[in-house]
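First the structure, in the form of structure tokens, and then the observations on it.
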Amino acid sequence: MSAFVLGFHDIDRAQLALVGGKGANLGELSAISGVRVPYGFCVTTDAYREVVERDAAVGALVDGLAGLRADDRPGIAAACARLRATIEDLAVPEELRRDIIRHLQETGDEGVPCAVRSSATAEDLPSSSFAGQQDTYLNVKGTTALIDSVRRCWASLFTDRAVAYRIQNGFDHRAVRLSVVVQQMVFPEAAGIMFTADPVSANRTVVSIDAGYGLGEAFVSGLVNADNYRVRAGQIIEKKIATQTKELRASPSGGTMEQPIEAARQHAQTLTDSQILRLDKLGRRIEAHFGKPQDIEWALCDGTFYVLQSRPITTLYPVPPSNDGKNHVYVSYGHRQMMTDAFAPLGLSFFALLHDKLGRTAGVVAGNRFYKDVSSELTSFWARPATLKSLGQVDVLMANALRTVLKRKDFVASLAHGKTSMLDFGEGGPLPIARQYLKLSRENDPGVVPDLIAYTEKTVERCRRGLAGKSGDELFQYIIDDHAVLAELTFDPRSVAAAFVGIQAVNWVNKHMEAWLGVKNAADAIAQSADHNVVAAMGLDLLDVADVIREHPAVMRYLETAEGDTFFTGLAAFDGGEAVRDAIQDYLRKYGMHCAGDIDITRTRWSEDPALLVPLLLGNIRNFPPGERRRKAEQGRAEAERSMNDLLARLRELPGGAGKARKAARKMSLIRHFIGYREYSKHSLLLRYELYKRALMAEAAKLVGRGVIKDAEDVYFLSIEEFRQAVNTGELDYSVIIQRREAHEAYRRLTPPRVITSEGEVIPGEYDAGTLPEGAMAGIAVSAGIVEGRARVIRSMAEADVEEGDILVTVFTDPSWSPLFVSVKGIVMEVGGVMTHGAVVAREYGLPAVVGVESATERIEDGQRIRVNGSEGYVEILPNP
């Protein structure tokens, strides 16, 4: 039998499973030179297993938690109360009692006051923090009280909040075990918490220290305020002195008690400046040992600093790597591409491969997301304004954050210099694109975009034929080589110019219609039902599929429970199933390569799981009558025609109006012919991604058959070269899969910053909210109009249950969301800009839209009535009727 009790001196991070996160960290701390840790020991998870898990009554009660939901508060409370009472009544084996007493005697006094804390196996880990989930008992005196506190710590694994947290985050109740930390009490003059990275800005060069009188639990629990000191490079840069009127002290009879602080100390600085700097050095020493920023509990007793705990700060976003010792500024690629989710490693690898073939770097990877280093652009007098203007088109908050950086003259002076990427237009440079732009603008040929689309689709068909029959190393080489074709399509001067023509025509019309007529965002109406917008068509075409389904009620009922693996075979059993199957398969042939977050090749495509479309299809049937696709398309064209005619008529009445009208009419025609192509480049990439993935997953299935991996989706956590090597050799270190999967889950939960520095500081962007109505949420106006309605806060397409007239509130949308746009009357997004996908499609459908609304999905509650002002760029919460 394993030891029931281990002293801190016998513990390091290798004993995590035995002593939990807190215990393992204390063992590590005890071994660091110059770090004082009060004597203590851990009652291990073996003891928990022996006493708690083996008890049949406890096991039955744990099984009873399985059916509970995280929001079932009464059910959780009742079940947890029964569990805790049962555990607190358990008998403690004599062997365990002897082990506890023996370790307690090493203090020289069995009656020494102790602190008793839980240490769960999923607590205080690098990837998650369960801090505060279980209980702490202070100033525990005597063996009997200590044993009772151990049992109560075990029971606290089943507090209401701990159980709800595990249900919410998908942790198995039996997979989390509890160790108990017993530590000799320190009775400090002052105590507190130290963060070795600023918890507000995330700057890794700043240490933040909270300090208060007495036991630190007083301000950890919010009972009192604490001083805050901030230190950088050995210098105190800020001090905030709190008024402290009471403190927490040990009670002579055990436990703790509040007592008042005398007037002379109430407004005094808790720590001296020299003590603050000593604590700063101690924190940096601990951080260096663990290799990452730490959240440290400390206590000052008789002039000595004791460390009571240290845990990683799990909320910090990883710093993009740089090795030159210079300062750098990074911007989020995901915010520019409307895909702020973390990529799986295979997705990262494919995205990097494409950029390699383009002759560019995909950027640096942090938190499984791409970031671009814009240090060189910010230090270039000519590239800086172009960069700010370009970023302002896709995310104003990002551009404003960079303006904040530029105000810090000392920081900017120390930025790394280098070649900018502003002139990165491919092998031929910008001149061929400029020539094509002038040619296309002059000719205004409506056949250009169809020709470009047809050429792309021919290359896709060649790729389909080329992949057929290939496997193993030959398959991987073909996919890698085919990325050169992708690069050629991406940088084709005629294709790039065609997209620019539409964008510049929109900018021209908006600028001149406001200047000449006072009409803002005039191009929004003109772009409705524009030619060749594959993303807009994707939403409208799904309405036609819904019309086929609505004729067959039995099929509708089947779809409500259909699953991807048997989706089409199940249809065959119903009257009308064949017609529905054909309609859905026709749709998937056109658009099945799309899905949420589709630039990550590992994401499940609609063609892989058609059930992903079911909420959208059923919503269309519920919200619209038959024939809605035709009506919406005709309404959009009519609105565009009406807007153009009205604007041109008003222009002709102005001085020099005939000439102005001629110029405007030409630009409006360019919008109709070219703006839809803005959305095609990404679609052309996804056409290939679908083919690549189908072939690669066949290789993954073979690896499963050979026993190299356990599940085909394990390959998502390999790079393309690692995947290729595993196929070639039949060998793979499976621990790599496990580690990367765990890291990806941790990264997935983090919120990526728009702008972050090499010091780890997150730079927020802000709006000038001075002209907004009181209480309004600022954003960017991207599609004109004002609309009121019920907010539907949706974070993933799986939640897409909307009714006609709802207003969609979400983090971001990519083209896969466009089928949902047909069912709503307004859009609010946290991410995006004037020319990002969601904005373009909102204008195509004539939906008022505001993007870049910070924390919109948190500040707006599902079901609230809101007003979206897509002309001025703000959102208001309205009183419910």
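Going by the structure tokens order, chains are called A, B, ..., each with residues numbered from 1, while ligands are numbered from 1 in the order shown.
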(request) Any chance you could list, as a ChimeraX atom specification, the residues in stretch 460-658 of chain A that come up helix (DSSP H, G or I) when DSSP is run on the backbone? (result) /A:460-467,472-491,493-517,523-526,534-549,553-559,564-571,577-591,610-623,628-652,657-658
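Look at A:Ala649: the protein and nucleic acid residues within 10 Å of it, using only C-alpha atoms and passing over chain neighbours fewer than 5 places away, are A:Ser643, A:Met644, A:Leu654, A:Gly657, A:Ala658, A:Ala661.
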(message) I'd like the neighbourhood of stretch 34-43 of chain A as a PyMOL selection string, where a residue qualifies if any of its atoms comes within 9 Å (using only C-alpha atoms), though same-chain residues fewer than 2 positions away should be ignored.
(response) chain A and resi 3-11+18-19+23+26-27+29-32+45-48+96+99-100+103-104+106-107+114+119+150+178-186+282+285-286+304-309
Store the residues of this selection in a file with C-alpha atoms, as a tab-separated table (two decimals), in the first residue's frame.
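Writing done, so here's again_27.tsv:
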chain	number	residue	atom	x	y	z
A	3	ALA	CA	2.08	5.96	1.87
A	4	PHE	CA	-0.93	7.75	3.31
A	5	VAL	CA	1.14	10.78	4.40
A	6	LEU	CA	4.13	12.51	2.75
A	7	GLY	CA	6.18	15.41	4.15
A	8	PHE	CA	6.84	18.41	1.92
A	9	HIS	CA	10.52	17.36	1.71
A	10	ASP	CA	9.44	14.09	0.05
A	11	ILE	CA	7.28	15.81	-2.58
A	18	LEU	CA	-0.66	11.65	-4.94
A	19	VAL	CA	-0.77	15.13	-3.44
A	23	GLY	CA	0.69	19.80	-2.42
A	26	LEU	CA	4.48	23.21	-1.83
A	27	GLY	CA	6.92	20.33	-2.22
A	29	LEU	CA	8.71	25.43	-3.10
A	30	SER	CA	10.32	23.72	-0.11
A	31	ALA	CA	13.27	22.74	-2.28
A	32	ILE	CA	14.03	26.25	-3.61
A	45	THR	CA	-5.00	10.70	-2.50
A	46	ASP	CA	-4.27	7.08	-1.51
A	47	ALA	CA	-5.86	7.92	1.83
A	48	TYR	CA	-8.83	9.50	0.05
A	96	LEU	CA	-3.75	6.82	8.75
A	99	ASP	CA	0.86	8.51	10.07
A	100	ILE	CA	-0.70	11.92	10.72
A	103	HIS	CA	4.34	13.76	11.00
A	104	LEU	CA	2.72	16.17	13.43
A	106	GLU	CA	8.08	16.36	13.85
A	107	THR	CA	7.07	19.91	14.80
A	114	CYS	CA	-2.14	24.06	11.77
A	119	SER	CA	-5.36	19.89	-2.73
A	150	VAL	CA	-9.20	16.25	7.06
A	178	LEU	CA	-8.39	15.01	-3.00
A	179	SER	CA	-5.22	15.27	-1.01
A	180	VAL	CA	-5.17	17.35	2.19
A	181	VAL	CA	-2.34	19.78	2.99
A	182	VAL	CA	-1.51	20.20	6.68
A	183	GLN	CA	0.82	23.12	7.38
A	184	GLN	CA	2.11	24.67	10.56
A	185	MET	CA	0.37	27.99	11.12
A	186	VAL	CA	2.28	31.22	10.75
A	282	LEU	CA	11.46	36.42	-3.86
A	285	ARG	CA	13.08	33.53	-7.80
A	286	ILE	CA	9.95	31.40	-7.48
A	304	THR	CA	10.85	36.87	7.62
A	305	PHE	CA	8.77	36.26	4.49
A	306	TYR	CA	7.15	32.80	4.39
A	307	VAL	CA	5.63	31.37	1.24
A	308	LEU	CA	2.34	29.60	1.88
A	309	GLN	CA	1.49	28.67	-1.70
(request) Within 6 Å of A:Gln864, counting only C-alpha atoms, which residues show up once you throw out same-chain ones fewer than 3 positions away? Write them as a ChimeraX atom specification, please. (result) /A:790-791,861
Output C-alpha atoms for every residue in the selection just made, as a PDB file, in the first residue's frame.
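See selection.pdb below for the written result:
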ATOM      1  CA  ARG A 790     -35.093  40.454 -29.220  1.00  0.00           C
ATOM      2  CA  ALA A 791     -31.410  39.698 -28.705  1.00  0.00           C
ATOM      3  CA  GLU A 861     -28.536  38.998 -22.048  1.00  0.00           C
TER       4      GLU A 861
END
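When only C-alpha atoms are used to measure the gap to A:Ala530, the shortest distance among A:Val92, A:Val580, A:Leu215, A:Ile671 belongs to A:Ile671.
Look at stretch 392-409 of chain A: the protein and nucleic acid residues within 7 Å of it, using only C-alpha atoms and passing over chain neighbours fewer than 5 places away, are Arg336, Arg754, Val755, Ile763, Pro764, Gly765, Glu766, Gly832, Gly833, Val834, Met835, Thr836 and Gly852 of chain A.
Minimum atom-to-atom distance to A:Asn327, evaluated using only C-alpha atoms, belongs to A:Leu415 out of A:Leu388, A:Leu415, A:Leu353, A:Ala743.
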(message) List the spatial neighbours of stretch 493-495 of chain A as a PyMOL selection string - criterion: any atom at most 6 Å away, only C-alpha atoms, same-chain residues fewer than 4 positions off excluded.
(response) chain A and resi 432-433+436
(message) Residues near stretch 708-721 of chain A, anyone? I mean within 12 Å using only C-alpha atoms, not counting same-chain ones fewer than 3 positions away, as an NGL selection string.
(response) :A and (343-354 or 368 or 473 or 475-477 or 479-480 or 600-604 or 692-694 or 696-705 or 724-745)
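When only C-alpha atoms are used to measure the gap to A:Cys463, the shortest distance among A:Ala800, A:Ala505, A:Ala695, A:Ile167 belongs to A:Ala695.
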(request) Output as an MDAnalysis selection string all residues of stretch 598-829 of chain A that backbone DSSP marks as strand (DSSP E or B). (result) chainID A and resid 755:757 762 777:778 780:783 786:793 806:810 824:829
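Nearest-residue note for A:Glu297: choosing from A:Phe195, A:Phe624, A:Phe171, A:Trp516, the minimum distance belongs to A:Phe195, counting only C-alpha atoms.
You can rank A:Tyr677, A:Asp482, A:Gly826, A:Ala640 by their closest distance to A:Leu452 using only C-alpha atoms, and at the top of that list sits A:Tyr677.
You will find atom CA of A:Arg557 at 20.1 Å from atom CA of A:Trp606.
The closest residue to A:Met513, picked from A:Arg867, A:Tyr689, A:Leu648, A:Met777 and counting only C-alpha atoms, is A:Leu648.
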